[in-house]
>>> print(open('data23.cif').read())   # mmCIF, C-alpha atoms (C1' of nucleotides)
data_coords
#
loop_
_atom_site.label_atom_id
_atom_site.label_comp_id
_atom_site.auth_asym_id
_atom_site.auth_seq_id
_atom_site.Cartn_x
_atom_site.Cartn_y
_atom_site.Cartn_z
CA MET A 22 97.56 187.81 50.47
CA ARG A 23 99.11 188.69 53.80
CA ARG A 24 96.93 191.78 54.07
CA HIS A 25 93.92 189.53 53.69
CA PHE A 26 94.94 186.53 55.79
CA GLY A 27 97.61 187.91 58.11
CA HIS A 28 100.89 186.11 58.76
CA GLN A 29 100.19 182.37 58.79
CA ASN A 30 102.94 181.48 61.28
CA TRP A 31 103.88 178.21 59.64
CA TRP A 32 105.07 175.60 60.39
CA PRO A 33 103.14 174.69 63.55
CA GLY A 34 105.54 172.63 65.64
CA ARG A 35 107.34 173.28 68.92
CA THR A 36 110.65 171.77 67.82
CA ARG A 37 112.43 171.01 64.58
CA PHE A 38 111.83 167.33 65.17
CA GLU A 39 108.12 167.98 65.54
CA VAL A 40 108.16 169.95 62.28
CA ILE A 41 109.76 166.98 60.52
CA LEU A 42 107.21 164.56 61.95
CA GLY A 43 104.43 166.91 60.85
CA ALA A 44 105.86 166.97 57.33
CA LEU A 45 105.80 163.17 57.19
CA LEU A 46 102.35 162.83 58.72
CA THR A 47 100.52 165.51 56.75
CA GLN A 48 100.91 163.72 53.43
CA ASN A 49 97.47 163.79 51.80
CA THR A 50 95.97 164.38 55.24
CA SER A 51 94.28 167.28 56.98
CA TRP A 52 96.40 169.06 59.56
CA ALA A 53 93.73 168.45 62.23
CA ASN A 54 94.35 164.71 61.95
CA VAL A 55 98.11 165.24 62.09
CA GLU A 56 97.67 167.16 65.34
CA LYS A 57 95.84 164.23 66.88
CA ALA A 58 98.75 161.94 66.09
CA LEU A 59 101.29 164.46 67.40
CA ALA A 60 99.22 164.82 70.56
CA ASN A 61 99.32 161.04 70.97
CA LEU A 62 103.11 161.11 70.65
CA ARG A 63 103.35 163.95 73.15
CA GLN A 64 101.16 162.14 75.63
CA ALA A 65 103.36 159.07 75.21
CA ARG A 66 106.38 161.33 75.82
CA ALA A 67 107.80 160.16 72.51
CA LEU A 68 108.42 163.51 70.78
CA SER A 69 112.19 163.16 70.57
CA PRO A 70 114.33 161.05 68.21
CA GLU A 71 115.66 158.92 71.10
CA LYS A 72 112.25 158.18 72.60
CA LEU A 73 110.63 157.56 69.25
CA THR A 74 113.41 155.21 68.19
CA SER A 75 112.79 153.05 71.24
CA LEU A 76 109.10 152.65 70.39
CA PRO A 77 108.08 149.30 68.88
CA ALA A 78 106.52 149.57 65.40
CA GLY A 79 103.14 148.34 66.59
CA ARG A 80 102.89 150.92 69.33
CA LEU A 81 104.09 153.70 67.01
CA ALA A 82 101.48 152.69 64.44
CA ARG A 83 98.69 152.90 67.03
CA LEU A 84 99.80 156.41 68.04
CA LEU A 85 99.97 157.55 64.40
CA ARG A 86 96.62 156.04 63.49
CA PRO A 87 94.55 159.28 63.48
CA SER A 88 96.78 160.76 60.75
CA GLY A 89 95.74 158.08 58.26
CA TYR A 90 97.97 155.81 56.14
CA PHE A 91 99.44 154.88 59.50
CA ARG A 92 101.27 151.76 58.30
CA GLN A 93 103.11 153.68 55.58
CA LYS A 94 103.80 156.58 57.90
CA THR A 95 105.16 154.26 60.57
CA ARG A 96 107.64 152.92 58.02
CA ALA A 97 108.54 156.45 56.90
CA VAL A 98 109.13 157.69 60.47
CA GLN A 99 111.21 154.65 61.37
CA GLY A 100 113.18 154.94 58.13
CA PHE A 101 113.98 158.56 58.92
CA LEU A 102 115.05 157.66 62.46
CA ARG A 103 117.24 154.84 61.16
CA HIS A 104 119.00 157.27 58.83
CA LEU A 105 119.40 159.80 61.62
CA ASN A 106 120.81 157.23 64.03
CA ASN A 107 123.07 155.43 61.56
CA GLY A 108 124.48 158.50 59.82
CA TYR A 109 124.36 161.22 62.47
CA GLN A 110 124.44 159.50 65.87
CA GLY A 111 120.83 160.55 66.29
CA SER A 112 121.74 164.25 66.13
CA LEU A 113 119.16 166.31 64.26
CA ALA A 114 121.49 169.31 64.43
CA ARG A 115 124.17 167.41 62.55
CA LEU A 116 121.77 166.18 59.90
CA LEU A 117 120.24 169.62 59.34
CA ARG A 118 123.71 171.18 59.05
CA ARG A 119 124.31 169.36 55.75
CA PRO A 120 124.52 171.44 52.55
CA THR A 121 121.08 171.94 51.04
CA ALA A 122 121.54 169.88 47.87
CA GLU A 123 123.07 166.93 49.73
CA LEU A 124 120.44 167.03 52.44
CA ARG A 125 117.67 167.11 49.85
CA ALA A 126 119.14 164.11 48.05
CA GLU A 127 119.49 162.19 51.31
CA LEU A 128 115.89 162.87 52.27
CA LEU A 129 114.61 161.90 48.81
CA ALA A 130 116.49 158.61 49.07
CA LEU A 131 114.43 157.65 52.13
CA SER A 132 111.22 155.81 51.45
CA GLY A 133 108.09 157.80 52.22
CA ILE A 134 109.78 161.14 51.50
CA GLY A 135 109.06 162.74 48.14
CA GLU A 136 109.83 166.21 46.81
CA GLU A 137 107.23 168.12 48.76
CA THR A 138 108.04 166.46 52.07
CA ALA A 139 111.78 166.87 51.55
CA ASP A 140 111.36 170.54 50.69
CA SER A 141 109.03 171.13 53.64
CA ILE A 142 111.76 169.77 55.90
CA LEU A 143 114.42 171.90 54.16
CA LEU A 144 112.39 175.09 54.46
CA TYR A 145 110.46 174.70 57.69
CA ALA A 146 112.88 172.63 59.78
CA ALA A 147 116.28 173.57 58.32
CA GLY A 148 115.46 177.15 57.28
CA ARG A 149 116.77 176.80 53.73
CA PRO A 150 115.52 179.01 50.89
CA VAL A 151 113.67 176.19 49.11
CA PHE A 152 110.16 176.87 47.80
CA VAL A 153 107.61 174.17 48.61
CA ILE A 154 105.11 173.12 45.94
CA ASP A 155 101.94 171.37 47.01
CA ALA A 156 98.51 170.59 45.60
CA TYR A 157 97.10 173.97 46.65
CA THR A 158 99.99 175.81 45.01
CA ARG A 159 99.37 173.90 41.79
CA ARG A 160 95.66 174.66 41.88
CA VAL A 161 96.13 178.35 42.63
CA LEU A 162 98.75 178.81 39.89
CA ALA A 163 96.64 176.96 37.34
CA ARG A 164 93.48 178.85 38.31
CA HIS A 165 95.19 182.19 37.75
CA GLY A 166 96.84 181.15 34.51
CA LEU A 167 100.32 181.42 35.99
CA ALA A 168 101.27 177.84 35.13
CA SER A 169 99.82 174.84 33.39
CA ALA A 170 98.11 172.20 35.50
CA GLN A 171 100.55 169.64 34.10
CA ALA A 172 103.73 171.52 35.04
CA ARG A 173 106.38 169.44 36.78
CA TYR A 174 107.30 170.04 40.42
CA ASP A 175 110.72 171.49 39.59
CA GLU A 176 109.25 173.84 36.98
CA LEU A 177 106.83 175.34 39.51
CA GLN A 178 109.54 175.52 42.14
CA SER A 179 111.96 177.38 39.87
CA PHE A 180 109.14 179.75 38.87
CA PHE A 181 108.99 180.99 42.46
CA GLU A 182 112.71 180.81 43.12
CA ARG A 183 113.46 182.83 39.95
CA HIS A 184 111.04 185.60 40.86
CA LEU A 185 111.52 185.86 44.62
CA PRO A 186 114.60 186.72 46.69
CA ALA A 187 116.09 183.59 48.30
CA ASP A 188 114.64 184.39 51.72
CA PRO A 189 113.48 181.46 53.88
CA ALA A 190 111.13 183.67 55.93
CA LEU A 191 109.51 184.94 52.73
CA TYR A 192 109.20 181.44 51.22
CA ASN A 193 107.79 180.18 54.49
CA ASP A 194 104.85 182.55 54.67
CA PHE A 195 104.41 182.82 50.88
CA HIS A 196 103.70 179.11 50.66
CA ALA A 197 101.36 179.25 53.65
CA GLN A 198 99.52 182.19 52.03
CA LEU A 199 99.04 180.21 48.81
CA VAL A 200 97.57 177.37 50.83
CA ALA A 201 95.21 179.83 52.53
CA VAL A 202 94.14 181.19 49.12
CA GLY A 203 93.67 177.63 47.86
CA LYS A 204 91.57 176.57 50.82
CA THR A 205 89.45 179.70 50.87
CA PHE A 206 88.93 180.66 47.23
CA CYS A 207 90.15 177.98 44.83
CA HIS A 208 87.56 175.30 45.48
CA ARG A 209 87.38 172.65 42.80
CA GLU A 210 83.71 173.11 41.99
CA ARG A 211 82.94 176.71 42.88
CA PRO A 212 86.04 178.93 42.90
CA ASP A 213 85.45 182.48 44.13
CA CYS A 214 87.99 184.39 42.06
CA ALA A 215 86.20 187.73 42.40
CA ALA A 216 86.92 187.84 46.14
CA CYS A 217 90.35 186.22 45.96
CA PRO A 218 93.09 188.67 47.06
CA LEU A 219 95.57 187.11 44.63
CA GLY A 220 93.11 187.26 41.75
CA VAL A 221 92.28 190.89 42.51
CA GLU A 222 95.97 191.85 42.67
CA LEU A 223 96.73 190.04 39.40
CA GLU A 224 93.83 191.85 37.72
CA ARG A 225 95.25 195.19 38.89
CA SER A 226 98.70 194.32 37.68
CA HIS A 227 97.36 193.28 34.27
CA ALA A 228 95.41 196.51 34.03
CA ARG A 229 98.57 198.52 34.74
CA ALA A 230 100.54 196.64 32.08
"C1'" DG B 3 77.14 158.01 52.26
"C1'" DG B 4 80.50 160.46 49.43
"C1'" DC B 5 84.18 163.59 49.08
"C1'" DC B 6 88.46 165.36 50.36
"C1'" DA B 7 92.61 166.54 53.00
"C1'" DG B 8 99.46 170.75 53.29
"C1'" DG B 9 101.66 162.79 48.88
"C1'" DA B 10 104.42 158.79 47.92
"C1'" DC B 11 105.13 154.75 45.59
"C1'" DA B 12 104.53 150.48 42.91
"C1'" DC B 13 103.13 148.91 38.64
"C1'" DC B 14 102.09 149.23 33.89
"C1'" DA B 15 102.25 150.44 28.90
"C1'" DT C 9 107.52 159.82 30.96
"C1'" DG C 10 102.72 159.49 31.99
"C1'" DG C 11 98.57 157.35 33.82
"C1'" DT C 12 96.32 154.57 37.47
"C1'" DG C 13 95.51 152.11 41.90
"C1'" DT C 14 96.59 151.88 46.75
"C1'" DC C 15 97.28 153.42 51.20
"C1'" DA C 16 93.37 155.10 55.90
"C1'" DT C 17 91.55 158.29 59.25
"C1'" DG C 18 88.28 161.93 60.41
"C1'" DG C 19 85.40 166.10 59.41
"C1'" DC C 20 81.78 167.95 56.84
#
>>> encode(input="data23.cif", output="structure tokens")
Amino acid sequence: MRRHFGHQNWWPGRTRFEVILGALLTQNTSWANVEKALANLRQARALSPEKLTSLPAGRLARLLRPSGYFRQKTRAVQGFLRHLNNGYQGSLARLLRRPTAELRAELLALSGIGEETADSILLYAAGRPVFVIDAYTRRVLARHGLASAQARYDELQSFFERHLPADPALYNDFHAQLVAVGKTFCHRERPDCAACPLGVELERSHARA
DNA sequence: GGCCAGGACACCA
DNA sequence: TGGTGTCATGGC
């Protein structure tokens, strides 16, 4: 996959805080729309926990509007900031220093943060070896017969974590590569498996076996 | 004009 | 536990 697409350099974001905001804002939303919202925040000089905390909900909602679901996302962002301020004196470094399992549970307890968003934060902002499962990953695995379409999140996650070394840098780009494969070759209506680098490699490996 | 995008959650049986 | 509706903008 990397030979075909090159390193994907995920996650786009200048700071860890920006990565976290991106994880919250990209839920069921194209990254292009997320970038518009992040650009709004940057222009408003609100891309830090302190500045963002001081923003009234109405103003924050207007800035987040291009990313869609802006009312929900406003609540999610403010909920995260409340947790950060109440539990960690607003220090992202302190929060992200928590042991992986505890941090994951804390994130999941916040409203607006589910498994994928929590794991994106763990991997891309905190650098933990946690494999992220998203809709593209599901589609690619199902398309290649590597997992059932109904498999649970944790089943798919352990599939990767069992078979790959626990290396955050590897997980990082591996997930991004799967998304690239999903976007490029695993279309719902007209998948192009013949040209798919993953499909070709799997065919080779089956032929060898 | 319809479909979909790097989901989460409430509600229901 | 599993299925369904809702949330919303913007690009194609």
>>> closest_atom_pairs(input="data23.cif", of="chain C", to="chain A", cutoff="10 Å", atoms="only C-alpha atoms (C1' of nucleotides)", output="Markdown table")
| residue | atom | partner | partner_atom | distance |
| --- | --- | --- | --- | --- |
| C:DC15 | C1' | A:Tyr90 | CA | 5.5 |
| C:DA16 | C1' | A:Gly89 | CA | 4.5 |
| C:DT17 | C1' | A:Gly89 | CA | 4.3 |
| C:DG18 | C1' | A:Asn54 | CA | 6.9 |
| C:DG19 | C1' | A:Ala53 | CA | 9.1 |
>>> write_last_selection(input="data23.cif", atoms="C-alpha atoms (C1' of nucleotides)", output="short mmCIF file (atom, residue, chain, number, x, y, z; two decimals), in the coordinates of the input")
data_model
loop_
_atom_site.label_atom_id
_atom_site.label_comp_id
_atom_site.auth_asym_id
_atom_site.auth_seq_id
_atom_site.Cartn_x
_atom_site.Cartn_y
_atom_site.Cartn_z
"C1'" DC C 15 97.28 153.42 51.20
"C1'" DA C 16 93.37 155.10 55.90
"C1'" DT C 17 91.55 158.29 59.25
"C1'" DG C 18 88.28 161.93 60.41
"C1'" DG C 19 85.40 166.10 59.41
#
>>> interface_residues(input="data23.cif", of="chain A", to="chain B", cutoff="9 Å", atoms="only C-alpha atoms (C1' of nucleotides)", output="VMD selection string")
chain A and resid 44 47 to 52 132 to 135 137 to 138 155 to 157 197 200
>>> resolve_selection(input="data23.cif", expression="the PyMOL selection byres ((chain A and resi 121) around 10)", output="ChimeraX atom specification")
/A:117-120,122-127,140,143-144,147-151
>>> atom_distance(input="data23.cif", atom1="atom CA of A:Pro186", atom2="atom CA of A:Ala228")
25.0 Å
>>> resolve_selection(input="data23.cif", expression="the PyMOL selection byres ((chain A and resi 220) around 12)", output="list in words")
Met22, Val161, Leu162, Ala163, Arg164, His165, Gly166, Leu167, Leu199, Val202, Gly203, Phe206, Cys207, Pro212, Asp213, Cys214, Ala215, Ala216, Cys217, Pro218, Leu219, Val221, Glu222, Leu223, Glu224, Arg225, Ser226 and His227 of chain A
>>> atom_distance(input="data23.cif", atom1="atom CA of A:Arg80", atom2="atom CA of A:Ser112")
23.3 Å
>>> resolve_selection(input="data23.cif", expression="the PyMOL selection byres ((chain A and resi 104-111) around 12)", output="MDAnalysis selection string")
chainID A and resid 38 69:75 97:103 112:119 124 127:132
>>> atom_distance(input="data23.cif", atom1="atom CA of A:Leu59", atom2="atom CA of A:Asn193")
21.4 Å
>>> closest_residue(input="data23.cif", among="A:Leu62, A:Ala201, A:Val40, A:Leu46", to="A:Arg160", atoms="all atoms listed in the file")
A:Ala201
>>> residues_near_point(input="data23.cif", point="(102.6, 162.8, 36.7)", cutoff="12 Å", atoms="all atoms listed in the file", output="count of residues only")
9
>>> build_atoms(input="data23.cif", residues="stretch 155-171 of chain A", atoms="N, CA and C atoms", output="compact mmCIF listing (two decimals), keeping the file's coordinate frame")
# COMPACT_ATOMS: atom_id res chain seq x y z
N ASP A 155 102.92 172.39 46.61
CA ASP A 155 101.94 171.37 47.01
C ASP A 155 100.70 171.48 46.13
N ALA A 156 99.71 170.66 46.44
CA ALA A 156 98.51 170.59 45.60
C ALA A 156 97.80 171.94 45.54
N TYR A 157 97.75 172.66 46.65
CA TYR A 157 97.10 173.97 46.65
C TYR A 157 97.85 174.94 45.75
N THR A 158 99.18 174.92 45.84
CA THR A 158 99.99 175.81 45.01
C THR A 158 99.70 175.55 43.54
N ARG A 159 99.67 174.28 43.17
CA ARG A 159 99.37 173.90 41.79
C ARG A 159 98.01 174.45 41.37
N ARG A 160 97.02 174.25 42.23
CA ARG A 160 95.66 174.66 41.88
C ARG A 160 95.56 176.16 41.73
N VAL A 161 96.20 176.89 42.66
CA VAL A 161 96.13 178.35 42.63
C VAL A 161 96.83 178.89 41.38
N LEU A 162 98.01 178.35 41.08
CA LEU A 162 98.75 178.81 39.89
C LEU A 162 97.96 178.53 38.62
N ALA A 163 97.39 177.33 38.54
CA ALA A 163 96.64 176.96 37.34
C ALA A 163 95.40 177.84 37.20
N ARG A 164 94.72 178.06 38.33
CA ARG A 164 93.48 178.85 38.31
C ARG A 164 93.72 180.27 37.81
N HIS A 165 94.89 180.83 38.15
CA HIS A 165 95.19 182.19 37.75
C HIS A 165 96.00 182.27 36.47
N GLY A 166 96.14 181.15 35.80
CA GLY A 166 96.84 181.15 34.51
C GLY A 166 98.32 181.42 34.63
N LEU A 167 98.90 181.15 35.79
CA LEU A 167 100.32 181.42 35.99
C LEU A 167 101.17 180.21 35.63
N ALA A 168 100.54 179.05 35.51
CA ALA A 168 101.27 177.84 35.13
C ALA A 168 100.26 176.82 34.63
N SER A 169 100.74 175.88 33.86
CA SER A 169 99.82 174.84 33.39
C SER A 169 99.60 173.83 34.50
N ALA A 170 98.45 173.18 34.47
CA ALA A 170 98.11 172.20 35.50
C ALA A 170 99.02 170.99 35.43
N GLN A 171 99.69 170.82 34.27
CA GLN A 171 100.55 169.64 34.10
C GLN A 171 102.02 169.92 34.41
